[in-house]
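Participant: Dropping a structure here in structure tokens format, bear with me for questions.
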Number of protein chains: 2
Amino acid sequence: MLTAACRARGLAAARTQLKRTARLRAGSTATLDALREELARTGVDAFVIPSDDPHLSEYVAPCFERRAFASGFTGSAGTAVVLRDRALCWTDGRYWLQASAQLEAGWELVEAGAPGVDGVAAWLGSDAARGVASVGIDARVTAAAFADAIGEHVEVRHLDENPVDAVWTERPAMPAAPLRLHPPEFAGEDVASKLARVRAATSKLGASGLVVSALDEVCWLFNVRGGDVACNPVALAYAYVDHASATLFVDAAKVPKDVADALAQANVDLRAYERALPFIRAAAAEADVCVDPARCSAAVVDAVAEQHRVARPCPVADFKSVKNAAELTAMRAAHVRDGAAVARAFSRLEKRVQGGTEASELDVDALLLEERSRDPTFIEPSFPTIAGAGANGALIHGAPSDSLVTTSTLLLVDSGGQYRDGTTDATRTMHFGVPSKKEVRAFTAVLKGHIGLDVAVFPEDTIGFVLDAFARKALWACGLDYGHGTGHGVGAALNVHEGPISVSPRFANKSVLKNGMVLSNEPGYYQAGAFGVRIENLLAIEPAPVPRVPDGKAFLRFSYLTLIPIDATCIDVAMLDAAEVAWVDAYHADVRRQLSPLLEGEALEWLVRKTAPLN
Amino acid sequence: MLTAACRARGLAAARTQLKRTARLRAGSTATLDALREELARTGVDAFVIPSDDPHLSEYVAPCFERRAFASGFTGSAGTAVVLRDRALCWTDGRYWLQASAQLEAGWELVEAGAPGVDGVAAWLGSDAARGVASVGIDARVTAAAFADAIGEHVEVRHLDENPVDAVWTERPAMPAAPLRLHPPEFAGEDVASKLARVRAATSKLGASGLVVSALDEVCWLFNVRGGDVACNPVALAYAYVDHASATLFVDAAKVPKDVADALAQANVDLRAYERALPFIRAAAAEADVCVDPARCSAAVVDAVAEQHRVARPCPVADFKSVKNAAELTAMRAAHVRDGAAVARAFSRLEKRVQGGTEASELDVDALLLEERSRDPTFIEPSFPTIAGAGANGALIHGAPSDSLVTTSTLLLVDSGGQYRDGTTDATRTMHFGVPSKKEVRAFTAVLKGHIGLDVAVFPEDTIGFVLDAFARKALWACGLDYGHGTGHGVGAALNVHEGPISVSPRFANKSVLKNGMVLSNEPGYYQAGAFGVRIENLLAIEPAPVPRVPDGKAFLRFSYLTLIPIDATCIDVAMLDAAEVAWVDAYHADVRRQLSPLLEGEALEWLVRKTAPLN
């Protein structure tokens with residue numbers, strides 16, 4: 001599944017025809033009126049209302065969707081600004097159409113990312129916002145870097161209470177899902193060992209304490225999982241680690257006895273979630289504390305006194321990105337069962353569409369959920385399924401609609417599951433009739449790119465973007481390209497998007513590829529108004545079996561985790577070279593070998609048919 | 001031919017076994033004593049003596065080799081520092097052995113680039129140099145950026161006279177080669193048109209005047225060539241362009257009547273070389289002037305008063321890098337004749353080595369020079385030939401020696417010519433007997449990389465480094481790599497190394513590839529103590545014949561200029577895929593078709609044999 005930033009770039013490019021100017025819906029709402037009373041009460045000139053949770057998570061629990069409540073716009077990205085006489089909502093190209101339909105009376109849409117359009121911070125400092133001298137924020141849900149950017153233009157006042165909460169009488173409760181242990185056979189390293197590595201890394205950064213704010217990092221560190229956020233198996237929690245102790249700040253009611261016992265055994269202190277910031281503040285009064293301003297809220301960063309602040313990326317992110325043998329074994333096991341579930345779903349879908357029974361994109365999503373749910377270790381989708389038939393396949397973040405899947409259009413399906421032992425994320429593009437020459441050409445070029453990255457051998461510590469061109473080479477040779485990155489890091493039974501690595505033509509990310517990392521390989525092609533193609537497997541990085549040159553580097557290669565047939569209906573075998581044909585046949589033989597023990601009847605028959613050699 | 005920086009990196013890596021500490025040769029020399037008298041006379045604590053000319057050229061005329069005169073070390077890169085009680089010479093890994101052999105009494109070698117070793121500027125500010133409060137430089141031959149760097153640590157005093165010249169009684173005269181016109185059929189654009197483009201670009205940068213300091217830029221702008229610097233067909237000259245006028249500052253004695261007439265016709269004023277800085281100083285008193293501190297001497301930058309200084313790269317570099325149709329036609333014509341000369345030289349070399357007559361690396365150089373010199377348009381080599389037999393092939397900058405070329409080792413030959421119509425630069429690796437399996441494997445992997453870059457199709461404005469991995473992919477798959485970049489820009493009948501583009505794994509250079517640019521494609525492999533392989537063609541960038549997607553990018557591809565057989569003796573055809581075999585055969589058929597009309601006798605017979613299809 002593409003990262004949000006990737007999708008945003010793709011869509012922004014596709015929608016350059018839209019008008020850039022802010023649109024105004026006249027009037028006001030009771031909510032807006034009430035927010036303006038709060039403005040008057042608190043004495044600031046504007047509120048900035050982001051849609052972040054206190055951990056700057058990619059997905060947030062409903063109680064943190066304050067921007068959506070205030071403005072009516074429910075997209076996953078956007079920032080609202082309420083002034084005395086105006087109310088504006090910034091969102092990126094993916095959401096301009098949705099926002100202009102949803103924003104309530106009195107709200108103006110600002111098309112973020114369009115040429116010449118200021119971001120929130122710059123706008124607050126511009127002539128357009130003159131009269132705004134002070135801005136109120138809730139530092140607990142405002143990114144430190146964003147608060148700093150605003151502070152470069154106007155005075156920022158930290159509000160004791162979130163202004164939206166004063167108005168949002170039926171605000172959902174904080175999520176309260178129980179924690180569960182991530183067992184040793186899946187985690188592969190105990191908490192004591194992880195803490196020892198984290199403490200050593202913290203010392204090396206020149207600090208004695210470390211704030212862990214990202215939810216997946218907290219869960220990885222303590223070998224626990226949660227259910228507070230849809231799609232991401234994490235719990236709302238902070239961690240603080242120093243030489244003497246490790247503390248997990250989480251609502252005690254969420255911690256079952258087995259989890260509490262395990263944490264106690266690992267010498268992890270449990271404290272209330274609300275105690276995190278006061279605790280950190282007290283700790284930082286006496287010790288240097290590492291905290292990452294790029295990935296923490298303003299409140300967390302402010303809790304560490306400036307003279308004791310070691311502003312560095314949290315070392316947990318790097319540790320978490322390199323999977324150990326147990327994590328990889330568990331990931332592979334999850335991919336076998338996930339592949340079988342997808343095979344059952346796709347075989348049922350094919351029968352339905354080719355049999356003339358209607359099936360919509362929403363039905364595709366439902367079939368996948370139904371088949372994945374047969375597995376007792378399945379928890380939930382790892383992200384909202386993307387299912388696009390025909391032209392919808394070119395909407396890079398297209399949510400499933402009631403558009404019908406037919407025998408005359410391509411279908412792009414990007415979906416994944418969270419299992420106890422692993423996280424999956426795969427895209428397949430298929431055709432239930434006879435694809436057009438154009439579709440076959442694009443599909444085959446994307447497949448060649450997918451294979452091009454899959455078979456790459458490269459020196460250890462190569463930066464991800466160095467390999468990006470391998471996935472584009474065949475598309476470029478046809479005069480085609482795609483507007484998103486090729487790969488993102490993936491968690492082991494954790495978030496489907498995780499840092500630090502990526503494979504992308506944007507060379508800002510200089511993180512290097514290491515043995516044990518897991519990432520996606522998802523080149524694509526999108527012809528607006530016509531069709532979309534994407535072929536995505538997850539890959540693990542492993543040593544390449546090449547002779548080691550004296551004093552030379554070690555070399556790495558990829559090993560796919562995903563086991564789902566690639567639709568040969570859409571392949572022009574003549575465009576493939578012998579090695580590519582051999583790759584497809586070997587992949588399909590492996591898929592058949594691994595999935596057939598889990599399948600029977602029509603699904604097994606489908607698998608056998610879909611994994612036949614190309615020639 | 002690799003750029004100096006590339007070679008430096010490769011060699012520095014190969015020589016990490018050397019000791020890092022400075023070595024002292026006891027005593028002093030008359031030169032050093034005299035320089036210390038100059039120190040006393042001028043009242044500074046140290047002199048910094050670089051080996052630059054006033055234009056920061058890659059190659060310099062003998063009169064500018066002041067560092068070599070002062071220290072005895074003749075390598076092309078290095079900086080000397082003379083203090084009252086010490087004398088030090090910094091040079092990079094290529095030259096540590098040579099410098100420690102050549103440096104005269106009283107001099108210490110500083111191994112620049114070694115871990116923990118300060119550069120000149122940082123060293124002058126370090127404890128090691130305490131007592132040094134002021135440093136004297138000749139701003140005319142000191143890079144502005146270097147002078148600024150020194151100035152961050154100690155006081156920099158600009159000396160009226162170069163301290164070395166006071167001592168160097170037999171200093172060579174300034175070069176005085178005559179200018180010649182670069183005719184319209186080779187230049188393809190007249191001076192008026194170039195000036196109009198340069199003026200528009202200067203205005204766009206917010207300046208009304210432009211200083212052109214790089215010698216190849218001056219020559220390109222005025223469609224002239226010179227002979228003041230070995231290998232580079234340039235004249236010592238500055239240019240200044242503003243809206244009203246264009247001035248060429250060059251020694252009048254070097255300007256024949258036809259050149260003077262052509263310049264007058266183009267409304268170019270001629271002034272004495274020495275008038276450049278006073279003229280620029282006067283111009284900058286009244287107007288904003290664009291000058292590039294990264295590529296000009298401190299004296300040139302200082303001539304532009306700070307309040308009028310527009311510090312930006314000179315737009316001529318970008319214009320020059322994009323060749324027009326006439327330049328490309330002329331370059332292709334030069335490559336045909338150069339290919340025929342190299343074919344004659346290589347066929348004679350083969351006959352000699354296989355016939356049992358001794359031939360050394362120096363003989364290889366002589367044969368190439370002899371055969372190239374038969375062409376009346378040949379001027380000189382475009383760089384000093386690199387010829388390395390056996391283990392010498394792994395010395396990336398290896399100058400030819402009296403080592404013998406035999407039937408039992410690989411021979412690497414990197415050479416090129418300056419012709420009236422074009423510049424060539426090609427590397428071939430060959431074997432006159434039966435290469436080992438290891439040599440064949442490395443050669444074939446390098447060839448696959450060479451083909452991988454040659455056949456690439458890519459979107460316009462792709463940054464060079466994006467394509468670098470195409471040249472390494474096959475080597476990586478064998479666990480091999482090379483420590484230098486893959487390509488550099490090449491001038492059209494100008495310098496063999498020119499900016500701004502490169503294809504390199506070092507992602508610092510973000511210059512983009514454009515239609516009409518010329519660059520080298522030179523992957524390699526070097527096994528220290530055993531052998532070296534490099535296969536280099538020059539490539540021109542041209543539009544790729546792919547269908548243009550609506551609103552999509554234009555695509556580009558490469559077209560080789562170099563026409564020299566690739567030694568099939570060293571190819572393992574089984575390692576090539578069908579497309580690679582077809583590439584080699586098509587290349588050889590083209591080489592045969594284009595060169596055979598220029599060859600006869602044994603050279604023609606050699607060509608026919610060396611361009612036979614692989615199977």
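Residues in the structure tokens are named by chain (A, B, ... in the order shown) and by number from 1 within that chain; ligands are numbered from 1 in the order shown.
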List the neighbours of B:Ala260 out to 12 Å using only C-alpha atoms; skip same-chain residues closer than 2 positions along the sequence, and give me the result as a ChimeraX atom specification.

Facilitator: /B:178-181,222-224,248,250-258,262-271

Participant: Got time to write the residues from that selection, N, CA, C and O atoms, as a short mmCIF file (atom, residue, chain, number, x, y, z; two decimals), in the first residue's frame?

Facilitator:
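Writing done, so here's out-v2.cif:
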data_model
loop_
_atom_site.label_atom_id
_atom_site.label_comp_id
_atom_site.auth_asym_id
_atom_site.auth_seq_id
_atom_site.Cartn_x
_atom_site.Cartn_y
_atom_site.Cartn_z
N PRO B 178 48.79 30.97 -30.13
CA PRO B 178 47.82 31.83 -30.82
C PRO B 178 46.40 31.28 -30.70
O PRO B 178 46.20 30.07 -30.61
N LEU B 179 45.43 32.18 -30.70
CA LEU B 179 44.03 31.77 -30.78
C LEU B 179 43.72 31.35 -32.21
O LEU B 179 44.39 31.75 -33.15
N ARG B 180 42.69 30.52 -32.35
CA ARG B 180 42.18 30.20 -33.67
C ARG B 180 40.66 30.22 -33.59
O ARG B 180 40.07 30.06 -32.51
N LEU B 181 40.04 30.45 -34.74
CA LEU B 181 38.57 30.46 -34.78
C LEU B 181 38.05 29.03 -34.70
O LEU B 181 38.62 28.11 -35.32
N PHE B 222 33.03 32.74 -27.29
CA PHE B 222 33.50 33.55 -28.41
C PHE B 222 33.89 32.71 -29.64
O PHE B 222 34.47 33.25 -30.59
N ASN B 223 33.56 31.42 -29.61
CA ASN B 223 33.88 30.53 -30.74
C ASN B 223 35.36 30.62 -31.13
O ASN B 223 35.70 30.73 -32.31
N VAL B 224 36.21 30.59 -30.11
CA VAL B 224 37.66 30.54 -30.36
C VAL B 224 38.24 29.35 -29.60
O VAL B 224 37.60 28.80 -28.70
N LEU B 248 36.72 40.51 -24.35
CA LEU B 248 37.62 39.38 -24.18
C LEU B 248 38.97 39.93 -23.73
O LEU B 248 39.57 40.76 -24.43
N VAL B 250 42.60 39.18 -23.29
CA VAL B 250 43.59 38.20 -23.72
C VAL B 250 44.80 38.96 -24.27
O VAL B 250 44.66 40.08 -24.78
N ASP B 251 45.96 38.35 -24.15
CA ASP B 251 47.19 38.96 -24.66
C ASP B 251 47.03 39.23 -26.16
O ASP B 251 46.82 38.31 -26.95
N ALA B 252 47.12 40.49 -26.57
CA ALA B 252 46.87 40.87 -27.97
C ALA B 252 47.78 40.13 -28.94
O ALA B 252 47.38 39.82 -30.07
N ALA B 253 48.99 39.80 -28.48
CA ALA B 253 49.93 39.12 -29.37
C ALA B 253 49.46 37.73 -29.77
O ALA B 253 49.94 37.16 -30.74
N LYS B 254 48.50 37.18 -29.02
CA LYS B 254 48.01 35.85 -29.33
C LYS B 254 46.88 35.85 -30.35
O LYS B 254 46.38 34.79 -30.72
N VAL B 255 46.42 37.05 -30.75
CA VAL B 255 45.20 37.13 -31.55
C VAL B 255 45.53 37.41 -33.01
O VAL B 255 45.84 38.55 -33.37
N PRO B 256 45.48 36.37 -33.87
CA PRO B 256 45.74 36.60 -35.29
C PRO B 256 44.65 37.48 -35.90
O PRO B 256 43.56 37.64 -35.31
N LYS B 257 44.94 37.97 -37.12
CA LYS B 257 44.03 38.94 -37.72
C LYS B 257 42.63 38.36 -37.95
O LYS B 257 41.62 39.02 -37.72
N ASP B 258 42.55 37.09 -38.41
CA ASP B 258 41.22 36.54 -38.70
C ASP B 258 40.38 36.45 -37.43
O ASP B 258 39.16 36.69 -37.44
N ALA B 262 36.96 38.60 -36.74
CA ALA B 262 35.70 37.92 -36.41
C ALA B 262 35.13 38.47 -35.10
O ALA B 262 33.92 38.68 -34.98
N LEU B 263 36.02 38.72 -34.13
CA LEU B 263 35.55 39.24 -32.85
C LEU B 263 35.01 40.66 -33.02
O LEU B 263 33.98 41.02 -32.44
N ALA B 264 35.69 41.44 -33.83
CA ALA B 264 35.22 42.81 -34.08
C ALA B 264 33.84 42.79 -34.74
O ALA B 264 32.94 43.55 -34.36
N GLN B 265 33.71 41.90 -35.69
CA GLN B 265 32.41 41.74 -36.39
C GLN B 265 31.30 41.40 -35.39
O GLN B 265 30.15 41.81 -35.56
N ALA B 266 31.64 40.62 -34.36
CA ALA B 266 30.65 40.22 -33.36
C ALA B 266 30.53 41.24 -32.23
O ALA B 266 29.89 40.98 -31.21
N ASN B 267 31.15 42.44 -32.44
CA ASN B 267 31.12 43.50 -31.43
C ASN B 267 31.73 43.09 -30.10
O ASN B 267 31.23 43.47 -29.03
N VAL B 268 32.78 42.27 -30.18
CA VAL B 268 33.50 41.89 -28.97
C VAL B 268 34.74 42.78 -28.85
O VAL B 268 35.53 42.87 -29.79
N ASP B 269 34.86 43.45 -27.71
CA ASP B 269 36.04 44.28 -27.47
C ASP B 269 37.19 43.41 -27.02
O ASP B 269 37.01 42.48 -26.23
N LEU B 270 38.39 43.73 -27.50
CA LEU B 270 39.59 43.03 -27.07
C LEU B 270 40.37 43.92 -26.12
O LEU B 270 40.61 45.09 -26.41
N ARG B 271 40.74 43.40 -24.96
CA ARG B 271 41.58 44.15 -24.03
C ARG B 271 42.66 43.22 -23.50
O ARG B 271 42.52 42.00 -23.55
#

Participant: Please report, as a list in words, each residue of stretch 323-470 of chain B to which DSSP assigns strand (DSSP E) when run on this structure's backbone.

Facilitator: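 Matching residues for strand (DSSP E) in stretch 323-470 of chain B are Phe378, Ile379, Glu380, Pro381, Ile386, Ala387, Gly388, Ala389, Leu410, Leu411, Leu412, Val413, Asp414, Ser415, Gly417, Gln418, Tyr419, Ala426, Thr427, Arg428, Thr429, Met430, His431, Val457, Phe458 and Pro459 of chain B.
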
Participant: Compute the chain A side of the contact with chain B at 7 Å, counting only C-alpha atoms, and hand it back as a PyMOL selection string.

Facilitator: chain A and resi 457-459+466-467+469+476-479+546-548+555

Participant: List every residue of stretch 371-489 of chain B that DSSP, applied to the backbone of this structure, assigns to alpha helix (DSSP H), and report them as a PyMOL selection string.

Facilitator: chain B and resi 371-373+437-454+465-477

Participant: May I have the residues within 7 Å of A:Ser559 as a list in words, using only C-alpha atoms and disregarding those fewer than 4 positions away in the same chain?

Facilitator: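 What passes the distance filter is Leu539, Ala540, Ile541 and Glu542 of chain A.
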
Participant: For the selection just defined, write its residues with N, CA and C atoms to a file, as a compact mmCIF listing (two decimals), in the first residue's frame.

Facilitator:
# COMPACT_ATOMS: atom_id res chain seq x y z
N LEU A 539 9.00 -7.58 0.47
CA LEU A 539 10.31 -8.20 0.32
C LEU A 539 11.06 -8.14 1.64
N ALA A 540 11.77 -9.20 1.96
CA ALA A 540 12.72 -9.16 3.08
C ALA A 540 14.12 -9.05 2.49
N ILE A 541 15.01 -8.37 3.19
CA ILE A 541 16.40 -8.24 2.72
C ILE A 541 17.24 -9.31 3.38
N GLU A 542 18.04 -10.00 2.59
CA GLU A 542 18.88 -11.09 3.11
C GLU A 542 20.25 -11.02 2.44

Participant: Write out as a CSV table (one decimal) with N, CA, C and O atoms, in the first residue's frame each polymer residue whose atoms come within 10 Å of A:His182, counting only C-alpha atoms; drop sequence neighbours fewer than 4 positions from it.

Facilitator:
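Dumped to result-v5.csv:
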chain,number,residue,atom,x,y,z
A,186,PHE,N,7.3,-15.0,18.2
A,186,PHE,CA,7.1,-14.0,17.1
A,186,PHE,C,8.1,-12.8,17.2
A,186,PHE,O,8.5,-12.3,16.3
A,187,ALA,N,8.4,-12.5,18.5
A,187,ALA,CA,9.2,-11.3,18.7
A,187,ALA,C,10.7,-11.6,18.6
A,187,ALA,O,11.5,-10.8,18.1
A,188,GLY,N,11.1,-12.7,19.0
A,188,GLY,CA,12.5,-13.2,18.8
A,188,GLY,C,13.5,-12.5,19.7
A,188,GLY,O,14.7,-12.8,19.5
A,219,CYS,N,5.3,-0.3,21.4
A,219,CYS,CA,4.9,-1.7,21.4
A,219,CYS,C,6.0,-2.7,21.1
A,219,CYS,O,6.2,-3.7,21.7
A,220,TRP,N,6.9,-2.3,20.1
A,220,TRP,CA,8.0,-3.1,19.8
A,220,TRP,C,8.9,-3.3,21.0
A,220,TRP,O,9.4,-4.4,21.3
A,222,PHE,N,8.4,-3.2,24.2
A,222,PHE,CA,7.9,-4.0,25.3
A,222,PHE,C,7.3,-5.3,24.9
A,222,PHE,O,6.7,-5.9,25.7
A,223,ASN,N,7.4,-5.6,23.6
A,223,ASN,CA,6.8,-6.9,23.1
A,223,ASN,C,5.3,-7.0,23.5
A,223,ASN,O,4.8,-8.0,24.0
A,224,VAL,N,4.6,-5.9,23.3
A,224,VAL,CA,3.2,-5.9,23.5
A,224,VAL,C,2.5,-5.4,22.2
A,224,VAL,O,3.1,-4.8,21.3
A,225,ARG,N,1.2,-5.7,22.1
A,225,ARG,CA,0.4,-5.1,21.0
A,225,ARG,C,-0.9,-4.6,21.6
A,225,ARG,O,-1.3,-5.0,22.7
A,226,GLY,N,-1.6,-3.7,20.9
A,226,GLY,CA,-2.8,-3.1,21.4
A,226,GLY,C,-3.8,-3.1,20.3
A,226,GLY,O,-3.6,-3.6,19.2
A,259,VAL,N,0.0,-9.6,30.9
A,259,VAL,CA,0.8,-8.5,30.4
A,259,VAL,C,1.5,-7.8,31.5
A,259,VAL,O,2.8,-7.5,31.5
A,420,ARG,N,-1.7,-12.2,14.1
A,420,ARG,CA,-0.9,-12.2,15.4
A,420,ARG,C,0.6,-12.3,15.1
A,420,ARG,O,1.4,-11.7,15.8
A,421,ASP,N,0.9,-13.0,14.0
A,421,ASP,CA,2.4,-13.2,13.7
A,421,ASP,C,3.0,-12.3,12.7
A,421,ASP,O,4.2,-12.3,12.5
A,493,ALA,N,4.3,-7.6,12.3
A,493,ALA,CA,3.1,-7.6,13.2
A,493,ALA,C,2.9,-6.2,13.8
A,493,ALA,O,2.6,-6.1,15.0

Participant: Using only C-alpha atoms, which residues sit within 12 Å of A:Ala442 once same-chain residues fewer than 2 positions away are excluded, as a PyMOL selection string?

Facilitator: chain A and resi 410+429+435-440+444-449+472+474-482+523-527+530-535+570-572+575

Participant: Calculate how many Å separate atom CA of A:Tyr419 from atom CA of A:Ala330, rounding to one decimal.

Facilitator: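 Between atom CA of A:Tyr419 and atom CA of A:Ala330 the gap is 9.6 Å.
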
Participant: Got a sec: who's within 8 Å of stretch 603-615 of chain A, counting only C-alpha atoms, leaving out chain neighbours fewer than 3 positions off, as a PyMOL selection string?

Facilitator: chain A and resi 343-344+347-348+565-568+573+581+584-585+588-589+591-592+596+599-600

Participant: How about saving the chosen residues, N, CA, C and O atoms kept, as an mmCIF file, in the first residue's frame?

Facilitator:
data_model
loop_
_atom_site.group_PDB
_atom_site.id
_atom_site.type_symbol
_atom_site.label_atom_id
_atom_site.label_comp_id
_atom_site.auth_asym_id
_atom_site.auth_seq_id
_atom_site.Cartn_x
_atom_site.Cartn_y
_atom_site.Cartn_z
ATOM 1 N N ALA A 343 -6.339 -16.094 -2.186
ATOM 2 C CA ALA A 343 -6.651 -17.014 -3.282
ATOM 3 C C ALA A 343 -8.131 -17.416 -3.232
ATOM 4 O O ALA A 343 -8.807 -17.448 -4.267
ATOM 5 N N ARG A 344 -8.619 -17.733 -2.039
ATOM 6 C CA ARG A 344 -10.044 -18.083 -1.920
ATOM 7 C C ARG A 344 -10.927 -16.914 -2.340
ATOM 8 O O ARG A 344 -11.901 -17.068 -3.074
ATOM 9 N N SER A 347 -10.651 -16.353 -6.166
ATOM 10 C CA SER A 347 -11.309 -17.398 -6.961
ATOM 11 C C SER A 347 -12.826 -17.225 -6.902
ATOM 12 O O SER A 347 -13.521 -17.398 -7.911
ATOM 13 N N ARG A 348 -13.340 -16.853 -5.732
ATOM 14 C CA ARG A 348 -14.791 -16.593 -5.620
ATOM 15 C C ARG A 348 -15.186 -15.386 -6.463
ATOM 16 O O ARG A 348 -16.228 -15.370 -7.122
ATOM 17 N N PRO A 565 -0.826 -15.284 -6.811
ATOM 18 C CA PRO A 565 -0.554 -15.337 -8.254
ATOM 19 C C PRO A 565 -0.633 -13.955 -8.908
ATOM 20 O O PRO A 565 -1.422 -13.092 -8.496
ATOM 21 N N ILE A 566 0.206 -13.781 -9.924
ATOM 22 C CA ILE A 566 0.189 -12.565 -10.751
ATOM 23 C C ILE A 566 -0.578 -12.915 -12.014
ATOM 24 O O ILE A 566 -0.289 -13.928 -12.657
ATOM 25 N N ASP A 567 -1.587 -12.111 -12.370
ATOM 26 C CA ASP A 567 -2.539 -12.498 -13.413
ATOM 27 C C ASP A 567 -1.890 -12.581 -14.800
ATOM 28 O O ASP A 567 -1.656 -11.560 -15.457
ATOM 29 N N ALA A 568 -1.631 -13.806 -15.254
ATOM 30 C CA ALA A 568 -0.959 -14.007 -16.543
ATOM 31 C C ALA A 568 -1.828 -13.558 -17.714
ATOM 32 O O ALA A 568 -1.302 -13.314 -18.811
ATOM 33 N N VAL A 573 3.903 -12.114 -22.932
ATOM 34 C CA VAL A 573 5.116 -12.894 -22.701
ATOM 35 C C VAL A 573 6.239 -12.457 -23.645
ATOM 36 O O VAL A 573 7.420 -12.510 -23.291
ATOM 37 N N VAL A 581 10.695 -14.514 -17.688
ATOM 38 C CA VAL A 581 9.746 -15.629 -17.791
ATOM 39 C C VAL A 581 10.078 -16.657 -16.710
ATOM 40 O O VAL A 581 9.194 -17.149 -16.004
ATOM 41 N N VAL A 584 8.836 -15.453 -13.291
ATOM 42 C CA VAL A 584 7.383 -15.594 -13.101
ATOM 43 C C VAL A 584 7.041 -17.059 -12.860
ATOM 44 O O VAL A 584 6.271 -17.399 -11.950
ATOM 45 N N ASP A 585 7.607 -17.955 -13.660
ATOM 46 C CA ASP A 585 7.292 -19.374 -13.507
ATOM 47 C C ASP A 585 7.773 -19.909 -12.151
ATOM 48 O O ASP A 585 7.060 -20.680 -11.498
ATOM 49 N N HIS A 588 5.461 -18.551 -9.436
ATOM 50 C CA HIS A 588 4.166 -19.232 -9.421
ATOM 51 C C HIS A 588 4.296 -20.668 -8.906
ATOM 52 O O HIS A 588 3.409 -21.148 -8.186
ATOM 53 N N ALA A 589 5.373 -21.342 -9.251
ATOM 54 C CA ALA A 589 5.581 -22.697 -8.729
ATOM 55 C C ALA A 589 5.696 -22.666 -7.213
ATOM 56 O O ALA A 589 5.150 -23.534 -6.506
ATOM 57 N N VAL A 591 4.451 -20.250 -5.201
ATOM 58 C CA VAL A 591 3.127 -19.898 -4.666
ATOM 59 C C VAL A 591 2.261 -21.158 -4.604
ATOM 60 O O VAL A 591 1.600 -21.441 -3.596
ATOM 61 N N ARG A 592 2.282 -21.971 -5.685
ATOM 62 C CA ARG A 592 1.446 -23.164 -5.721
ATOM 63 C C ARG A 592 1.884 -24.161 -4.634
ATOM 64 O O ARG A 592 1.053 -24.704 -3.911
ATOM 65 N N SER A 596 -1.053 -24.551 -1.883
ATOM 66 C CA SER A 596 -1.991 -25.638 -2.186
ATOM 67 C C SER A 596 -2.344 -26.491 -0.963
ATOM 68 O O SER A 596 -3.487 -26.933 -0.864
ATOM 69 N N LEU A 599 -5.512 -25.094 0.524
ATOM 70 C CA LEU A 599 -6.678 -24.833 -0.325
ATOM 71 C C LEU A 599 -7.302 -26.143 -0.781
ATOM 72 O O LEU A 599 -6.659 -27.185 -0.817
ATOM 73 N N GLU A 600 -8.572 -26.022 -1.170
ATOM 74 C CA GLU A 600 -9.243 -27.192 -1.731
ATOM 75 C C GLU A 600 -10.318 -26.707 -2.695
ATOM 76 O O GLU A 600 -10.591 -25.513 -2.798
#

Participant: Identify, on the basis of only C-alpha atoms, every residue whose closest approach to B:Glu536 does not exceed 7 Å; exclude the query and any residue fewer than 6 positions from it along the same chain; express the result as number ranges by chain.

Facilitator: B: 426-428, 520-522

Participant: B:Ser401, B:Thr329, B:Thr406, B:Ser126: which is nearest B:Gln354, counting only C-alpha atoms?

Facilitator: B:Thr406

Participant: Rounded to one decimal, what separation in Å do you get between atom CA of B:Thr569 and atom CA of B:Arg337?

Facilitator: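 That distance, rounded to one decimal, is 24.5 Å.
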